>>> print(open('run-v9.csv').read())   # CSV, C-alpha atoms
chain,number,residue,atom,x,y,z
A,1,MET,CA,127.8,151.0,113.9
A,2,ASP,CA,128.8,149.1,117.1
A,3,THR,CA,125.1,148.1,117.7
A,4,LEU,CA,124.9,147.0,114.0
A,5,ILE,CA,127.9,144.7,114.3
A,6,ASN,CA,127.5,143.3,117.8
A,7,VAL,CA,123.7,143.0,118.0
A,8,VAL,CA,121.9,143.4,114.6
A,9,LEU,CA,124.4,141.4,112.6
A,10,PRO,CA,124.3,138.2,114.7
A,11,LEU,CA,120.5,138.5,115.0
A,12,ALA,CA,120.1,139.0,111.3
A,13,LEU,CA,122.2,135.9,110.5
A,14,ALA,CA,120.1,133.9,113.0
A,15,PHE,CA,117.0,135.1,111.3
A,16,ILE,CA,118.4,134.1,107.9
A,17,MET,CA,119.2,130.7,109.2
A,18,LEU,CA,115.8,130.4,110.7
A,19,SER,CA,114.3,131.1,107.3
A,20,LEU,CA,116.5,128.3,106.0
A,21,GLY,CA,115.4,125.9,108.7
A,22,ILE,CA,111.7,126.6,108.3
A,23,GLY,CA,111.9,125.5,104.7
A,24,LEU,CA,113.4,122.1,105.7
A,25,THR,CA,111.8,118.8,106.7
A,26,PHE,CA,113.3,115.7,108.3
A,27,GLY,CA,112.8,114.1,104.9
A,28,ASP,CA,115.5,116.4,103.5
A,29,PHE,CA,118.0,114.7,105.8
A,30,ARG,CA,116.7,111.2,105.1
A,31,ARG,CA,117.0,111.8,101.4
A,32,VAL,CA,120.8,111.9,101.8
A,33,LEU,CA,120.7,108.1,102.3
A,34,ASN,CA,118.9,107.6,99.0
A,35,ARG,CA,121.3,110.0,97.1
A,36,ILE,CA,124.5,109.0,98.9
A,37,GLN,CA,126.9,109.2,95.8
A,38,ALA,CA,125.6,112.7,94.7
A,39,PHE,CA,125.6,113.9,98.3
A,40,ALA,CA,129.1,112.6,99.1
A,41,ILE,CA,130.5,114.3,96.0
A,42,GLY,CA,128.7,117.6,96.7
A,43,ALA,CA,129.8,117.5,100.3
A,44,GLY,CA,133.4,116.7,99.4
A,45,ALA,CA,133.5,119.6,96.9
A,46,GLN,CA,132.3,122.0,99.6
A,47,VAL,CA,134.3,120.9,102.6
A,48,ILE,CA,137.6,120.0,100.8
A,49,LEU,CA,137.8,121.3,97.3
A,50,LEU,CA,136.4,124.7,98.1
A,51,PRO,CA,138.9,125.7,100.8
A,52,LEU,CA,141.8,124.3,98.8
A,53,THR,CA,140.8,126.4,95.8
A,54,ALA,CA,140.5,129.5,98.0
A,55,TYR,CA,143.9,128.9,99.4
A,56,ILE,CA,145.4,128.6,95.9
A,57,VAL,CA,143.7,131.9,94.9
A,58,VAL,CA,145.0,133.7,98.0
A,59,ARG,CA,148.5,132.6,97.2
A,60,LEU,CA,148.1,133.3,93.5
A,61,PHE,CA,147.0,136.9,94.1
A,62,ASN,CA,149.4,137.3,97.1
A,63,LEU,CA,146.6,138.8,99.3
A,64,PRO,CA,147.6,140.4,102.6
A,65,GLY,CA,146.8,138.9,106.0
A,66,GLU,CA,143.3,140.1,106.9
A,67,LEU,CA,142.0,139.8,103.3
A,68,ALA,CA,143.5,136.3,103.0
A,69,VAL,CA,141.7,135.3,106.2
A,70,GLY,CA,138.5,136.8,104.8
A,71,PHE,CA,138.8,134.7,101.7
A,72,MET,CA,139.3,131.5,103.8
A,73,LEU,CA,136.4,132.3,106.1
A,74,LEU,CA,134.2,132.7,103.0
A,75,SER,CA,135.3,129.3,101.7
A,76,PHE,CA,134.3,127.6,104.9
A,77,CYS,CA,130.7,128.8,104.7
A,78,PRO,CA,128.0,126.6,103.2
A,79,GLY,CA,125.7,127.8,100.5
A,80,GLY,CA,122.6,128.7,102.4
A,81,VAL,CA,119.3,129.7,100.9
A,82,THR,CA,120.9,131.5,98.0
A,83,SER,CA,122.4,128.3,96.5
A,84,ASN,CA,118.9,126.7,96.7
A,85,MET,CA,117.4,129.6,94.9
A,86,ILE,CA,120.1,129.7,92.1
A,87,THR,CA,119.8,125.9,91.7
A,88,LYS,CA,116.0,126.3,91.1
A,89,LEU,CA,116.7,129.0,88.5
A,90,ALA,CA,119.2,126.7,86.8
A,91,LYS,CA,116.6,123.9,86.7
A,92,GLY,CA,118.9,121.7,88.9
A,93,ASP,CA,118.0,119.2,91.5
A,94,VAL,CA,116.5,121.4,94.2
A,95,ALA,CA,116.0,118.5,96.6
A,96,LEU,CA,119.7,117.6,96.4
A,97,SER,CA,120.6,121.3,96.9
A,98,VAL,CA,118.4,121.6,100.0
A,99,SER,CA,119.8,118.3,101.4
A,100,LEU,CA,123.4,119.5,100.9
A,101,THR,CA,122.6,123.0,102.4
A,102,ALA,CA,120.9,121.4,105.4
A,103,VAL,CA,123.5,118.9,106.4
A,104,ILE,CA,126.6,121.0,105.6
A,105,SER,CA,125.1,124.0,107.5
A,106,LEU,CA,124.6,121.8,110.6
A,107,LEU,CA,128.1,120.2,110.3
A,108,SER,CA,129.8,123.6,109.9
A,109,ILE,CA,129.7,124.0,113.7
A,110,LEU,CA,132.3,121.2,113.8
A,111,THR,CA,134.5,122.3,110.9
A,112,VAL,CA,134.4,126.1,110.7
A,113,PRO,CA,135.9,126.9,114.2
A,114,PHE,CA,139.0,124.8,113.7
A,115,LEU,CA,139.6,125.9,110.1
A,116,ALA,CA,139.0,129.5,111.0
A,117,ALA,CA,141.4,129.4,113.9
A,118,TRP,CA,144.1,127.8,111.7
A,119,SER,CA,143.6,130.5,109.0
A,120,VAL,CA,143.9,133.4,111.4
A,121,VAL,CA,147.2,132.1,112.8
A,122,HIS,CA,148.5,131.0,109.4
A,123,PHE,CA,148.0,134.2,107.5
A,124,MET,CA,148.3,136.8,110.2
A,125,GLY,CA,151.0,135.3,112.4
A,126,ALA,CA,151.9,137.6,115.3
A,127,ASP,CA,149.2,140.1,114.3
A,128,ALA,CA,146.4,137.4,114.7
A,129,PRO,CA,143.7,138.3,117.1
A,130,ALA,CA,143.1,135.9,120.0
A,131,ILE,CA,140.6,133.2,119.0
A,132,THR,CA,139.2,130.3,121.0
A,133,VAL,CA,137.8,127.4,119.1
A,134,THR,CA,135.3,126.6,121.8
A,135,GLU,CA,133.9,130.2,122.0
A,136,LEU,CA,133.7,130.3,118.2
A,137,ALA,CA,131.9,126.9,118.1
A,138,ILE,CA,129.4,128.2,120.7
A,139,ALA,CA,128.8,131.4,118.7
A,140,MET,CA,128.3,129.3,115.5
A,141,PHE,CA,125.8,127.1,117.3
A,142,LEU,CA,123.8,130.0,118.6
A,143,ILE,CA,123.6,132.0,115.4
A,144,THR,CA,123.5,129.2,112.8
A,145,THR,CA,122.7,125.7,114.1
A,146,LEU,CA,120.1,126.5,116.7
A,147,PRO,CA,118.0,128.8,114.4
A,148,VAL,CA,118.1,126.0,111.7
A,149,LEU,CA,116.9,123.4,114.3
A,150,ILE,CA,114.2,125.8,115.5
A,151,GLY,CA,113.0,126.3,112.0
A,152,ILE,CA,112.9,122.6,111.3
A,153,THR,CA,111.0,122.0,114.5
A,154,ILE,CA,108.4,124.6,113.6
A,155,ARG,CA,108.1,123.0,110.1
A,156,HIS,CA,107.5,119.6,111.7
A,157,PHE,CA,105.0,120.6,114.4
A,158,ALA,CA,103.2,123.4,112.5
A,159,PRO,CA,103.6,122.7,108.8
A,160,ALA,CA,100.7,124.8,107.7
A,161,PHE,CA,102.1,127.9,109.5
A,162,ALA,CA,105.6,127.1,108.2
A,163,VAL,CA,104.4,126.9,104.6
A,164,ARG,CA,102.6,130.3,104.9
A,165,ALA,CA,105.6,131.9,106.7
A,166,GLU,CA,108.4,130.6,104.5
A,167,PRO,CA,108.0,133.0,101.5
A,168,ILE,CA,107.7,136.0,103.9
A,169,LEU,CA,110.7,135.0,105.9
A,170,SER,CA,112.7,134.3,102.7
A,171,ARG,CA,112.0,137.8,101.4
A,172,ALA,CA,112.9,139.4,104.7
A,173,ALA,CA,116.1,137.3,104.8
A,174,THR,CA,117.0,138.6,101.3
A,175,ILE,CA,116.5,142.2,102.4
A,176,LEU,CA,118.7,141.6,105.5
A,177,PHE,CA,121.4,140.1,103.4
A,178,VAL,CA,121.5,143.1,101.1
A,179,VAL,CA,121.6,145.5,104.1
A,180,ILE,CA,124.5,143.5,105.7
A,181,VAL,CA,126.5,143.4,102.5
A,182,LEU,CA,126.1,147.1,101.8
A,183,ALA,CA,126.9,148.0,105.5
A,184,ALA,CA,130.1,145.9,105.4
A,185,LEU,CA,131.2,147.6,102.1
A,186,ALA,CA,130.4,151.1,103.5
A,187,GLY,CA,132.3,150.4,106.7
A,188,ASN,CA,135.4,149.4,104.7
A,189,TRP,CA,135.1,151.7,101.7
A,190,ASP,CA,138.6,153.0,101.8
A,191,VAL,CA,140.1,149.5,102.1
A,192,PHE,CA,137.7,148.3,99.4
A,193,VAL,CA,138.8,151.1,96.9
A,194,SER,CA,142.5,150.6,97.6
A,195,ASN,CA,142.3,146.8,97.1
A,196,LEU,CA,139.7,146.7,94.3
A,197,ALA,CA,142.2,146.0,91.6
A,198,THR,CA,143.3,142.8,93.4
A,199,LEU,CA,140.2,141.9,95.3
A,200,GLY,CA,137.7,142.0,92.4
A,201,PRO,CA,139.8,139.7,90.1
A,202,ALA,CA,140.6,137.4,92.9
A,203,LEU,CA,137.0,136.9,93.9
A,204,ILE,CA,135.8,136.5,90.3
A,205,THR,CA,138.6,133.9,89.8
A,206,LEU,CA,137.6,132.0,92.9
A,207,ASN,CA,133.9,132.1,92.0
A,208,VAL,CA,134.4,130.9,88.4
A,209,ALA,CA,136.9,128.3,89.4
A,210,LEU,CA,134.6,126.8,92.0
A,211,MET,CA,131.6,126.7,89.5
A,212,VAL,CA,133.7,125.0,86.9
A,213,LEU,CA,135.4,122.6,89.4
A,214,GLY,CA,132.1,121.6,90.9
A,215,LEU,CA,130.8,120.9,87.4
A,216,ALA,CA,133.9,118.9,86.4
A,217,VAL,CA,134.0,116.8,89.5
A,218,ALA,CA,130.3,115.9,89.4
A,219,PHE,CA,130.4,115.2,85.7
A,220,GLY,CA,133.5,113.1,86.0
A,221,ALA,CA,131.8,111.1,88.7
A,222,GLY,CA,129.1,110.1,86.2
A,223,LEU,CA,126.2,111.9,87.9
A,224,ILE,CA,123.1,112.9,85.9
A,225,TRP,CA,123.0,116.4,84.5
A,226,ASN,CA,120.6,117.8,87.1
A,227,GLU,CA,122.9,116.7,89.9
A,228,VAL,CA,125.9,118.0,88.1
A,229,LYS,CA,124.3,121.5,87.8
A,230,THR,CA,123.4,121.4,91.4
A,231,ILE,CA,126.8,120.5,92.7
A,232,SER,CA,128.3,123.2,90.5
A,233,VAL,CA,126.1,125.8,92.1
A,234,GLU,CA,126.5,124.5,95.7
A,235,THR,CA,130.3,124.6,95.2
A,236,GLY,CA,130.4,128.1,93.7
A,237,VAL,CA,127.8,129.9,95.9
A,238,GLN,CA,128.6,130.7,99.5
A,239,ASN,CA,126.8,132.2,102.5
A,240,ALA,CA,128.4,135.7,102.4
A,241,THR,CA,126.4,136.8,105.5
A,242,LEU,CA,128.0,134.0,107.6
A,243,GLY,CA,131.4,135.1,106.3
A,244,ILE,CA,130.8,138.7,107.4
A,245,THR,CA,129.5,137.6,110.8
A,246,LEU,CA,132.5,135.3,111.4
A,247,ALA,CA,134.9,138.1,110.5
A,248,ALA,CA,133.1,140.4,113.0
A,249,ILE,CA,133.3,137.7,115.8
A,250,ILE,CA,137.0,136.8,115.1
A,251,SER,CA,138.4,140.3,114.7
A,252,GLY,CA,136.8,141.5,117.9
A,253,GLN,CA,137.1,145.0,116.5
A,254,ALA,CA,135.7,147.7,118.8
A,255,SER,CA,134.0,149.7,116.1
A,256,GLY,CA,133.2,149.2,112.4
A,257,PHE,CA,133.5,146.1,110.2
A,258,SER,CA,136.9,144.5,110.0
A,259,THR,CA,138.9,144.1,106.7
A,260,MET,CA,138.3,140.4,107.1
A,261,ALA,CA,134.6,141.0,106.2
A,262,LEU,CA,135.4,142.7,102.9
A,263,PRO,CA,135.9,139.5,100.7
A,264,SER,CA,132.5,138.2,101.8
A,265,ALA,CA,130.8,141.6,101.3
A,266,VAL,CA,132.2,142.0,97.8
A,267,TYR,CA,131.5,138.3,97.0
A,268,GLY,CA,127.9,138.8,98.1
A,269,ILE,CA,127.4,141.0,95.1
A,270,LEU,CA,129.8,139.4,92.6
A,271,MET,CA,128.4,135.8,93.0
A,272,TYR,CA,125.2,136.8,91.3
A,273,LEU,CA,127.0,138.3,88.3
A,274,VAL,CA,129.3,135.3,88.0
A,275,ALA,CA,126.5,132.7,88.5
A,276,ALA,CA,124.2,134.4,85.9
A,277,PRO,CA,125.9,133.1,82.7
A,278,PHE,CA,126.1,129.6,84.3
A,279,VAL,CA,122.4,129.7,85.1
A,280,VAL,CA,121.5,130.8,81.6
A,281,TRP,CA,123.5,128.0,80.2
A,282,TYR,CA,122.2,125.4,82.6
A,283,ARG,CA,118.6,126.4,82.0
A,284,ASN,CA,119.0,125.9,78.3
A,285,LYS,CA,120.9,122.6,78.3
>>> encode(input="run-v9.csv", output="structure tokens")
Amino acid sequence: MDTLINVVLPLALAFIMLSLGIGLTFGDFRRVLNRIQAFAIGAGAQVILLPLTAYIVVRLFNLPGELAVGFMLLSFCPGGVTSNMITKLAKGDVALSVSLTAVISLLSILTVPFLAAWSVVHFMGADAPAITVTELAIAMFLITTLPVLIGITIRHFAPAFAVRAEPILSRAATILFVVIVLAALAGNWDVFVSNLATLGPALITLNVALMVLGLAVAFGAGLIWNEVKTISVETGVQNATLGITLAAIISGQASGFSTMALPSAVYGILMYLVAAPFVVWYRNK
């Protein structure tokens, strides 16, 4: 289990982020300038609205320290390849989804370490593990930002190879995601069972609230329907693997997954169930 957490987990996340990067082009970043209103609303929903909603849910359900931190860590993680896939299924604006995922994923190295450090101290107080913003930022860069940049570079200089490799890497990334989620659940099974009555409803409430709020904010801003659907998905679907990895890094637990990883692990399963009715509705409207 120690090898899984300290070696396999970071490498798996880096591989997942590489699979994201290899599907991106520099045009995905330039596109932001042409879709500035939709991008700004989507980015604001992810960076500001999402953590605020998570904080309200944590207080509403009176979650204990480590679980509360786990909720907040999840809320700091951008959507990743999963949100792009769900946007495509919902017949949303995939180009906008990819642009949001790309930019927010790269910017997370600047936002996540500070927000994570604040959350740990705020919710755990004297029981908070020692956390250094600089060290967390370096870890974020090595396992998220750098792999994305490598993937983008491969796509730029070897586009034919990248196009062939992308579906293979995406399938492998999906398998790794499932393994990580199941391992985190298995490693915290007793905690999961004892907190299921609170944890499940809290995560479902968070997921539904985010999908609806993303929809409402985008619709209220007068965006077109495809953009509205996309921002709803991007706001409601998070990178559970990154949440689990951050929990492992921050907790510094000598063995096994920490309780902080549990919200992301459960969310990694529930988000598909919650998103499904929205996808069906979006596809037919």
>>> residues_around(input="run-v9.csv", residues="Met271 (chain A)", least_positions_apart="2", cutoff="12 Å", atoms="all atoms listed in the file", output="ChimeraX atom specification")
/A:74,79,82-83,86,200,203-211,233-240,263-269,273-279
>>> closest_residue(input="run-v9.csv", among="A:Pro147, A:Gly187, A:Gly243, A:Gly214", to="Leu24 (chain A)", atoms="only C-alpha atoms")
A:Pro147
>>> closest_residue(input="run-v9.csv", among="A:Ala102, A:Val69, A:Ala221, A:Leu20", to="Pro129 (chain A)", atoms="all atoms listed in the file")
A:Val69
>>> closest_residue(input="run-v9.csv", among="A:Ala117, A:Ile22, A:Ala38, A:Leu213", to="Val81 (chain A)", atoms="only C-alpha atoms")
A:Ile22
>>> closest_residue(input="run-v9.csv", among="A:Met72, A:Leu107, A:Ile244, A:Val8", to="Val58 (chain A)", atoms="all atoms listed in the file")
A:Met72
>>> closest_residue(input="run-v9.csv", among="A:Ala184, A:Ala173, A:Leu73, A:Ile249", to="Ala54 (chain A)", atoms="only C-alpha atoms")
A:Leu73
>>> closest_residue(input="run-v9.csv", among="A:Ile154, A:Ala202, A:Val178, A:Leu215", to="Ile56 (chain A)", atoms="all atoms listed in the file")
A:Ala202
>>> residues_around(input="run-v9.csv", residues="Pro113 (chain A)", least_positions_apart="6", cutoff="8 Å", atoms="all atoms listed in the file", output="list in words")
Val133, Thr134, Leu136 and Ala137 of chain A
>>> atom_distance(input="run-v9.csv", atom1="CA of Ala12 (chain A)", atom2="CA of Thr174 (chain A)")
10.5 Å
>>> atom_distance(input="run-v9.csv", atom1="CA of Ile231 (chain A)", atom2="CA of Val32 (chain A)")
13.9 Å
>>> atom_distance(input="run-v9.csv", atom1="CA of Arg155 (chain A)", atom2="CA of Ile41 (chain A)")
27.9 Å
